[in-house]
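Enquirer: This is start13.txt (compact mmCIF, C-alpha atoms).
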```
# COMPACT_ATOMS: atom_id res chain seq x y z
CA MET A 1 -12.85 13.35 -10.72
CA PRO A 2 -9.41 13.98 -9.20
CA THR A 3 -8.60 17.56 -8.34
CA THR A 4 -5.32 19.19 -7.48
CA SER A 5 -4.38 21.06 -4.35
CA PRO A 6 -0.90 22.49 -3.80
CA GLY A 7 1.37 19.57 -4.69
CA ARG A 8 -1.32 16.89 -4.27
CA LEU A 9 -3.77 14.96 -6.39
CA VAL A 10 -7.00 14.69 -4.37
CA HIS A 11 -9.60 12.01 -5.12
CA ASP A 12 -12.51 12.97 -2.86
CA ALA A 13 -14.34 16.10 -1.71
CA GLU A 14 -13.23 15.64 1.91
CA GLY A 15 -9.53 15.36 1.03
CA ARG A 16 -9.09 12.03 2.82
CA ASN A 17 -7.76 10.28 -0.30
CA SER A 18 -4.80 11.99 -1.93
CA GLY A 19 -1.16 11.62 -2.82
CA THR A 20 1.86 13.25 -4.41
CA ARG A 21 4.42 12.23 -6.98
CA PRO A 22 7.59 11.18 -5.13
CA SER A 23 10.80 13.06 -5.68
CA ILE A 24 13.49 10.60 -6.77
CA ASP A 25 16.29 11.85 -4.57
CA PRO A 26 18.88 9.19 -3.66
CA HIS A 27 19.46 10.95 -0.33
CA HIS A 28 15.78 10.91 0.65
CA VAL A 29 14.14 7.53 0.12
CA ILE A 30 11.79 8.23 3.05
CA THR A 31 8.64 10.17 2.11
CA PRO A 32 8.05 13.36 4.14
CA VAL A 33 4.83 13.13 6.12
CA SER A 34 3.43 16.13 4.22
CA GLN A 35 3.80 14.15 0.97
CA PHE A 36 2.60 10.75 2.25
CA PHE A 37 -0.45 9.39 0.46
CA LYS A 38 -3.70 9.28 2.43
CA ARG A 39 -6.39 6.58 2.14
CA SER A 40 -9.52 6.34 4.25
CA HIS A 41 -12.96 4.79 3.76
CA ALA A 42 -14.67 6.97 6.37
CA GLU A 43 -14.25 10.03 8.58
CA TYR A 44 -11.29 9.98 10.91
CA PRO A 45 -12.39 8.79 14.35
CA VAL A 46 -12.27 11.04 17.40
CA VAL A 47 -9.81 9.39 19.77
CA ASP A 48 -9.35 10.21 23.45
CA VAL A 49 -5.89 8.73 23.95
CA LYS A 50 -6.37 8.58 27.74
CA ALA A 51 -9.44 6.38 27.33
CA TRP A 52 -8.14 4.44 24.31
CA ARG A 53 -7.36 0.77 24.86
CA LEU A 54 -5.96 -2.00 22.67
CA GLN A 55 -7.69 -5.34 23.21
CA VAL A 56 -6.13 -8.71 22.29
CA ARG A 57 -8.76 -11.45 22.21
CA GLY A 58 -9.81 -14.69 20.54
CA LEU A 59 -7.66 -17.83 20.38
CA VAL A 60 -5.13 -16.71 22.95
CA GLU A 61 -4.16 -18.13 26.31
CA ARG A 62 -4.35 -14.75 28.05
CA PRO A 63 -6.64 -11.98 26.75
CA LEU A 64 -4.85 -8.66 27.17
CA THR A 65 -5.78 -5.00 27.33
CA PHE A 66 -3.27 -2.13 27.02
CA SER A 67 -3.34 1.61 27.34
CA LEU A 68 -0.90 3.34 25.01
CA GLU A 69 1.55 3.91 27.84
CA GLU A 70 1.29 0.30 28.99
CA LEU A 71 1.84 -1.00 25.47
CA THR A 72 4.96 1.05 24.79
CA ARG A 73 6.40 0.33 28.24
CA ALA A 74 5.80 -3.43 28.15
CA PHE A 75 7.72 -4.25 24.95
CA PRO A 76 10.98 -3.27 23.25
CA VAL A 77 10.81 -0.39 20.79
CA ARG A 78 11.45 -1.38 17.18
CA ASP A 79 12.03 0.61 13.98
CA VAL A 80 11.15 -0.52 10.45
CA ALA A 81 11.46 1.36 7.16
CA ALA A 82 8.64 0.17 4.91
CA THR A 83 6.84 1.24 1.76
CA LEU A 84 3.04 1.20 1.96
CA VAL A 85 1.21 0.63 -1.31
CA CYS A 86 -2.51 1.11 -1.88
CA ALA A 87 -4.19 -1.84 -3.59
CA GLY A 88 -5.58 0.64 -6.13
CA LEU A 89 -2.15 1.87 -7.25
CA ARG A 90 -2.19 2.74 -10.98
CA ARG A 91 -5.91 1.99 -11.27
CA ASP A 92 -6.31 4.94 -13.64
CA GLU A 93 -4.61 2.94 -16.40
CA PHE A 94 -7.49 0.43 -16.37
CA LEU A 95 -9.91 3.19 -17.37
CA ALA A 96 -8.68 2.90 -20.96
CA LEU A 97 -10.41 -0.51 -20.96
CA GLY A 98 -13.68 0.75 -19.49
CA PRO A 99 -15.16 2.41 -16.40
CA LEU A 100 -14.69 1.16 -12.84
CA PRO A 101 -17.79 2.50 -11.06
CA GLY A 102 -17.28 3.62 -7.47
CA GLU A 103 -13.50 3.18 -7.47
CA LEU A 104 -10.98 5.98 -6.92
CA PRO A 105 -8.80 6.60 -10.02
CA TRP A 106 -5.45 6.34 -8.29
CA GLY A 107 -2.31 6.81 -10.33
CA PRO A 108 1.25 6.05 -9.18
CA GLU A 109 0.88 8.48 -6.26
CA ALA A 110 -0.69 5.84 -3.99
CA ALA A 111 2.63 4.61 -2.53
CA SER A 112 4.90 6.13 0.10
CA THR A 113 7.78 5.05 2.33
CA GLY A 114 7.96 5.76 6.05
CA ARG A 115 10.26 5.08 8.95
CA TRP A 116 7.92 3.51 11.49
CA ARG A 117 8.51 3.08 15.22
CA GLY A 118 6.51 1.04 17.70
CA VAL A 119 6.39 -2.44 19.19
CA SER A 120 6.47 -5.75 17.42
CA LEU A 121 3.08 -7.40 16.90
CA ALA A 122 4.87 -10.70 17.47
CA ASP A 123 5.94 -9.62 20.95
CA VAL A 124 2.35 -8.76 21.84
CA LEU A 125 1.02 -12.05 20.48
CA ARG A 126 3.60 -14.06 22.39
CA ALA A 127 2.64 -12.25 25.58
CA ALA A 128 -0.99 -13.22 24.95
CA GLY A 129 -0.06 -16.80 24.05
CA VAL A 130 -1.11 -17.97 20.57
CA THR A 131 -3.10 -21.20 20.79
CA ASP A 132 -2.65 -24.11 18.38
CA GLY A 133 -5.88 -23.39 16.52
CA ALA A 134 -5.04 -19.79 15.66
CA ARG A 135 -4.34 -19.28 11.95
CA TYR A 136 -5.25 -15.63 11.39
CA VAL A 137 -4.81 -12.32 13.19
CA GLU A 138 -7.70 -9.93 12.67
CA LEU A 139 -7.02 -6.19 13.00
CA ILE A 140 -9.93 -3.79 13.57
CA GLY A 141 -9.80 0.00 13.63
CA LEU A 142 -11.93 2.67 15.26
CA ASP A 143 -13.05 4.36 12.03
CA GLN A 144 -16.72 3.60 11.40
CA VAL A 145 -17.50 2.59 7.83
CA GLU A 146 -21.02 2.10 6.49
CA ARG A 147 -21.75 -0.57 3.89
CA HIS A 148 -25.15 -2.03 2.99
CA GLY A 149 -26.82 -0.37 5.98
CA GLU A 150 -24.32 -1.61 8.56
CA ARG A 151 -21.65 0.35 10.46
CA PHE A 152 -18.43 -1.28 11.56
CA GLY A 153 -14.75 -0.65 12.09
CA PHE A 154 -12.48 -1.04 9.07
CA GLY A 155 -10.51 -4.26 9.34
CA GLY A 156 -8.98 -7.36 7.86
CA SER A 157 -6.68 -10.21 8.75
CA ILE A 158 -3.18 -11.49 8.11
CA ASP A 159 -1.75 -14.97 8.52
CA VAL A 160 -0.34 -15.85 11.93
CA ASP A 161 3.00 -16.71 10.33
CA LYS A 162 3.20 -13.21 8.87
CA ALA A 163 2.08 -11.64 12.14
CA LEU A 164 4.86 -13.40 14.02
CA GLY A 165 7.53 -11.89 11.79
CA ALA A 166 9.73 -9.43 13.67
CA ASP A 167 9.05 -6.53 11.26
CA VAL A 168 5.25 -6.35 11.59
CA LEU A 169 4.72 -3.37 13.87
CA LEU A 170 2.13 -1.77 16.05
CA ALA A 171 3.36 1.70 15.20
CA THR A 172 3.06 4.84 17.29
CA GLU A 173 5.41 7.05 15.25
CA LEU A 174 6.01 7.97 11.63
CA ASN A 175 9.30 9.57 10.61
CA GLY A 176 10.30 10.38 14.18
CA ALA A 177 7.05 12.00 15.33
CA PRO A 178 3.76 10.72 16.77
CA LEU A 179 1.40 9.33 14.14
CA PRO A 180 -0.70 12.08 12.54
CA MET A 181 -4.44 11.54 12.78
CA ALA A 182 -4.64 10.87 9.02
CA HIS A 183 -2.20 8.00 9.43
CA GLY A 184 -3.80 6.24 12.36
CA PHE A 185 -3.11 8.04 15.66
CA PRO A 186 -2.59 6.72 18.27
CA LEU A 187 -1.74 3.24 16.92
CA ARG A 188 -1.71 1.51 13.58
CA ALA A 189 -0.50 -1.78 12.18
CA VAL A 190 2.34 -1.73 9.66
CA VAL A 191 2.50 -4.97 7.68
CA PRO A 192 5.54 -4.67 5.39
CA GLY A 193 5.19 -6.27 1.98
CA TRP A 194 1.39 -6.58 2.15
CA ILE A 195 -1.20 -4.25 0.63
CA GLY A 196 -1.83 -1.08 2.59
CA ALA A 197 -5.36 -2.17 3.54
CA ARG A 198 -3.90 -4.72 5.96
CA SER A 199 -1.93 -2.01 7.81
CA VAL A 200 -5.05 -1.04 9.73
CA LYS A 201 -5.13 2.49 11.17
CA TRP A 202 -6.64 3.67 14.50
CA LEU A 203 -6.12 0.13 15.72
CA ALA A 204 -8.20 -0.96 18.73
CA GLN A 205 -8.80 -4.71 18.43
CA ILE A 206 -6.61 -7.72 17.68
CA ASN A 207 -8.51 -11.00 17.40
CA LEU A 208 -6.94 -14.39 16.76
CA SER A 209 -9.08 -16.94 14.96
CA SER A 210 -9.05 -20.11 12.91
CA GLU A 211 -10.61 -18.39 9.88
CA PRO A 212 -9.89 -15.19 7.95
CA SER A 213 -11.69 -12.07 9.12
CA ALA A 214 -15.35 -11.75 8.16
CA ASN A 215 -14.90 -7.97 7.97
CA TYR A 216 -16.30 -6.49 4.77
CA PHE A 217 -12.84 -5.35 3.66
CA GLN A 218 -11.52 -8.90 3.88
CA SER A 219 -14.54 -10.91 2.72
CA LYS A 220 -16.20 -8.50 0.25
CA ALA A 221 -13.53 -6.02 -0.87
CA TYR A 222 -9.79 -6.07 -1.59
CA ARG A 223 -10.28 -9.26 -3.57
CA VAL A 224 -9.09 -9.91 -7.12
CA GLN A 225 -11.91 -11.19 -9.30
CA ARG A 226 -11.59 -11.29 -13.08
CA GLU A 227 -15.18 -12.09 -14.02
CA ILE A 228 -18.08 -9.71 -13.46
CA ASN A 229 -21.02 -10.96 -11.41
CA PRO A 230 -24.02 -10.11 -13.64
CA ASP A 231 -26.32 -9.85 -10.61
CA ASP A 232 -24.03 -7.34 -8.88
CA PRO A 233 -21.27 -5.91 -11.12
CA ARG A 234 -19.33 -4.53 -8.13
CA ASP A 235 -19.39 -7.75 -6.10
CA VAL A 236 -15.97 -9.43 -5.77
CA SER A 237 -16.71 -11.76 -2.88
CA ALA A 238 -15.90 -14.76 -5.11
CA GLY A 239 -12.42 -13.36 -5.79
CA VAL A 240 -9.10 -14.07 -4.08
CA ALA A 241 -8.28 -11.97 -1.00
CA MET A 242 -5.27 -9.73 -1.58
CA ARG A 243 -2.13 -10.26 0.45
CA GLY A 244 1.32 -9.26 -0.75
CA VAL A 245 2.06 -6.19 -2.82
CA PRO A 246 2.81 -7.35 -6.39
CA LEU A 247 6.10 -6.61 -8.14
CA ASN A 248 5.94 -3.12 -9.61
CA ALA A 249 8.08 -0.47 -11.27
CA VAL A 250 7.03 3.11 -11.91
CA ILE A 251 8.46 5.98 -13.97
CA VAL A 252 8.32 9.22 -12.00
CA ASP A 253 10.44 11.50 -14.20
CA PRO A 254 9.70 12.52 -16.94
CA ALA A 255 6.03 12.97 -16.10
CA PRO A 256 3.36 11.83 -18.57
CA ASP A 257 3.11 14.13 -21.60
CA ALA A 258 6.23 16.05 -20.58
CA VAL A 259 8.15 17.92 -23.26
CA VAL A 260 11.91 17.29 -23.13
CA SER A 261 14.91 18.19 -25.27
CA ALA A 262 16.35 15.77 -27.82
CA GLY A 263 19.51 13.88 -26.90
CA THR A 264 20.26 12.10 -23.64
CA VAL A 265 17.18 11.93 -21.42
CA ARG A 266 17.38 10.76 -17.82
CA VAL A 267 14.53 8.47 -16.76
CA ARG A 268 13.96 7.91 -13.04
CA GLY A 269 11.52 6.07 -10.84
CA TRP A 270 11.01 3.41 -8.19
CA ALA A 271 10.58 -0.35 -8.10
CA LEU A 272 9.46 -2.86 -5.46
CA GLY A 273 9.68 -6.66 -5.57
CA SER A 274 6.68 -8.91 -4.95
CA GLU A 275 6.02 -8.80 -1.19
CA ALA A 276 9.15 -6.58 -1.13
CA ARG A 277 11.48 -9.35 -2.33
CA ALA A 278 14.89 -8.34 -3.66
CA LEU A 279 14.93 -7.06 -7.23
CA ALA A 280 16.83 -9.01 -9.88
CA ARG A 281 16.72 -6.38 -12.63
CA ILE A 282 15.08 -3.14 -13.75
CA GLU A 283 14.97 -2.23 -17.45
CA VAL A 284 13.85 0.86 -19.36
CA SER A 285 12.70 1.10 -22.97
CA PRO A 286 12.66 4.35 -24.97
CA ASN A 287 10.41 2.92 -27.69
CA ASP A 288 7.42 1.15 -26.10
CA GLY A 289 9.28 -2.08 -25.45
CA GLU A 290 11.15 -2.62 -28.72
CA THR A 291 14.57 -2.32 -27.07
CA TRP A 292 15.68 -2.23 -23.44
CA THR A 293 18.51 -0.77 -21.40
CA PRO A 294 19.39 -1.71 -17.79
CA ALA A 295 18.57 0.82 -15.10
CA ILE A 296 20.98 1.65 -12.29
CA ARG A 297 19.76 1.32 -8.71
CA VAL A 298 20.57 4.51 -6.85
CA ALA A 299 18.98 4.15 -3.39
CA ALA A 300 16.95 2.00 -1.00
CA ASP A 301 16.47 1.96 2.78
CA GLY A 302 16.13 -1.66 3.78
CA PRO A 303 14.45 -4.84 2.58
CA TRP A 304 10.89 -3.52 2.88
CA THR A 305 11.28 -0.28 0.92
CA TRP A 306 11.12 0.73 -2.68
CA THR A 307 14.32 1.07 -4.68
CA PHE A 308 15.03 4.26 -6.61
CA TRP A 309 16.51 3.72 -10.07
CA GLU A 310 17.57 5.74 -13.09
CA ALA A 311 18.58 5.18 -16.70
CA ALA A 312 19.80 7.34 -19.60
CA VAL A 313 18.25 6.93 -23.06
CA GLU A 314 18.91 8.67 -26.36
CA LEU A 315 15.84 10.24 -27.93
CA ALA A 316 15.34 12.04 -31.24
CA ALA A 317 12.62 14.61 -31.81
CA GLY A 318 9.11 13.19 -31.92
CA ARG A 319 6.60 11.34 -29.79
CA HIS A 320 7.97 8.51 -27.62
CA THR A 321 6.60 6.05 -25.06
CA LEU A 322 8.96 5.29 -22.20
CA VAL A 323 8.47 1.93 -20.48
CA VAL A 324 9.87 0.34 -17.33
CA ARG A 325 9.71 -3.28 -16.23
CA ALA A 326 11.32 -5.24 -13.41
CA ALA A 327 11.90 -8.79 -12.19
CA ASP A 328 12.56 -9.95 -8.64
CA ALA A 329 14.65 -12.63 -7.00
CA ALA A 330 11.73 -15.08 -6.94
CA GLY A 331 11.65 -15.01 -10.75
CA THR A 332 8.49 -12.89 -10.84
CA THR A 333 8.09 -10.66 -13.90
CA GLN A 334 5.55 -8.01 -14.83
CA PRO A 335 2.83 -8.48 -17.44
CA ALA A 336 3.30 -6.38 -20.56
CA SER A 337 -0.20 -4.89 -20.75
CA VAL A 338 -2.91 -3.70 -18.38
CA ALA A 339 -5.37 -6.03 -20.11
CA GLU A 340 -3.48 -8.95 -18.55
CA THR A 341 -3.98 -7.59 -15.02
CA TRP A 342 -7.54 -6.24 -15.35
CA ASN A 343 -9.98 -7.16 -12.57
CA VAL A 344 -13.41 -6.01 -11.47
CA LYS A 345 -12.26 -3.41 -8.93
CA GLY A 346 -9.01 -2.44 -10.61
CA TYR A 347 -6.66 -3.72 -7.93
CA GLY A 348 -2.99 -4.57 -8.16
CA ASN A 349 -2.09 -3.12 -11.58
CA ASN A 350 1.54 -4.05 -12.12
CA ALA A 351 1.78 -4.06 -15.90
CA TRP A 352 4.77 -2.41 -17.54
CA HIS A 353 4.49 1.28 -16.73
CA ARG A 354 4.25 3.44 -19.84
CA VAL A 355 4.80 7.20 -19.99
CA PRO A 356 4.23 9.07 -23.27
CA ILE A 357 6.44 12.14 -23.82
CA THR A 358 7.26 14.62 -26.56
CA VAL A 359 10.86 15.27 -27.56
CA GLU A 360 11.77 18.57 -29.22
```
Give the structure from the file, written as C-alpha cells.
Expert:
Amino acid sequence: MPTTSPGRLVHDAEGRNSGTRPSIDPHHVITPVSQFFKRSHAEYPVVDVKAWRLQVRGLVERPLTFSLEELTRAFPVRDVAATLVCAGLRRDEFLALGPLPGELPWGPEAASTGRWRGVSLADVLRAAGVTDGARYVELIGLDQVERHGERFGFGGSIDVDKALGADVLLATELNGAPLPMAHGFPLRAVVPGWIGARSVKWLAQINLSSEPSANYFQSKAYRVQREINPDDPRDVSAGVAMRGVPLNAVIVDPAPDAVVSAGTVRVRGWALGSEARALARIEVSPNDGETWTPAIRVAADGPWTWTFWEAAVELAAGRHTLVVRAADAAGTTQPASVAETWNVKGYGNNAWHRVPITVE
C-alpha cells in the first residue's frame, strides 16, 4: 500500500517509486528535482563515471563508443523542457473496477516536468550512420532487473523517425545540475511525448535494428491489452506496445475529499495533449459532467510540457464531483469513464478526471 513521507506518496519499501502533487504556480511550470516523481524497476546501479562508456551498435555504418567527456565534447549542447509521464499514471482509479495484482497504485503524482540538457540523439545517430534497414533504436540501461529467472538491463525501443527528431536528448543534466542518481546519472534518454518507460535511465547501449526491442519491457510489459489471458492473468505480450503519452487532464486543486467554502471555488490543474500535441480546449464541470465551463490556460514552457489551467465555478453547500476534460489539436478527446480505458495492467488511464469534494 502507498505510504507517505514528508510531501511524497511512496509506493514501495525501498522508496524508489514515489511522487508529489504538483503545485500549480504559473511562474514555476518546471518541477523542482526534490518533487520529481521517481520510477525504477530495480536497485540503482553503481556507476563509475570514469569507466562508463556509451556504445552505439547494430545497423550503423560506424559503431561508436563514447566516454561522458567525449560525448559532451563531440556534439552541440541542447536544452529541452519536457514533461515525463509514467505509463501507470492514475492507475489507482482502475481499482474501483477490480484489483490489479503486482501493479503500483499510482495516482496523478506520476508526472513531472524538467528542463533537460544534453546532446541530441539524432546527432549521435548521424555520426554513427543509420543504415537503410534500421527501423528502431533500442535503448538499454545499466540497472539490472530480474524477471522469470533472468537478469538484464531495463530497456525498450523507439522508432528511428522519432529518434531523429531534434528534441530527443541524451541528457546529462536536469534543471541546471548533473542528473541525480535516481534520475539516471550519468546519462539518460529523454523522449518527449512518449511514455516515461522509453526515456531509459543509466543509459549504456544504443542498438539500431530492423525490429522492435526484444527487451522484456518492450515485448512483455508496457503493452495495452484489454483481454485477460486465462493461462497467465498478468501476461500482456499480445497487447499493443505503448508509445505516445495519451491526452490527459488532471485536477490538482482542490484535492480529493477536500472541504471548501460555498461560493466561487477555483479549480486548477494541468493538461497535456496526445504525444504533447497542442491543446484545443480544456473544460471543467462542477456537477459530474452535467454542465461545463471553459478553463483558462495560465502557463506552459514549450511544446513538450504540460499546460497549467484554472477555472472558477459556483458551488452551493453539499457534496460535489468536479470533472475536467480536454481535447487536442488532432481532434483527440478523452473517454468519459475509466471503464472505457481499462486494460490488464492499468496503463494509460486518461478518462475524465473526477475529484469529489465537500462544500460547506
Enquirer: Which residue gives the smallest distance to Gly133 in chain A among A:Ile195, A:Ala81, A:Ile206, A:Leu59, with all atoms listed in the file counted?
Expert: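 Of A:Ile195, A:Ala81, A:Ile206, A:Leu59, the one nearest Gly133 in chain A, counting all atoms listed in the file, is A:Leu59.
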Enquirer: When you look at Val191 in chain A with a cut-off of 9 Å (counting only C-alpha atoms), what residues show up, excluding the ones that are within fewer than 5 positions of it in the same chain? I need them as JSON, numbers by chain.
Expert: {"A": [82, 84, 158, 162, 163, 167, 168, 169, 170, 196, 198, 199, 200]}
Enquirer: In Å, with one decimal, what is the gap from CA of Val355 in chain A to CA of Pro286 in chain A?
Expert: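 Pair CA of Val355 in chain A / CA of Pro286 in chain A returns 9.7 Å.
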Enquirer: Nearest to Ala221 in chain A among A:Gly331, A:Gly155, A:Pro26, A:Pro105, with distances taken over all atoms listed in the file: which residue is it?
Expert: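 So, comparing all the options, the nearest one is A:Gly155.
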Enquirer: Can you pull out every residue within 9 Å of Leu54 in chain A, counting only C-alpha atoms, but drop anything in the same chain fewer than 3 positions away, and send it as an MDAnalysis selection string?
Expert: chainID A and resid 64:68 71 187 203:206
Enquirer: For a quick check of understanding, using all atoms listed in the file, which of A:Val46, A:Val252, A:Ile30, A:Thr131 has the smallest distance to Arg62 in chain A?
Expert: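 Of A:Val46, A:Val252, A:Ile30, A:Thr131, the one nearest Arg62 in chain A, counting all atoms listed in the file, is A:Thr131.
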Enquirer: Given 4 Å on each side, where is the centre and what are the edge lengths in Å to one decimal of the axis-aligned box enclosing the listed atoms of range 318-321 of chain A, as JSON?
Expert:
```
{"center_x": 7.9, "center_y": 9.6, "center_z": -28.5, "size_x": 10.5, "size_y": 15.1, "size_z": 14.9}
```
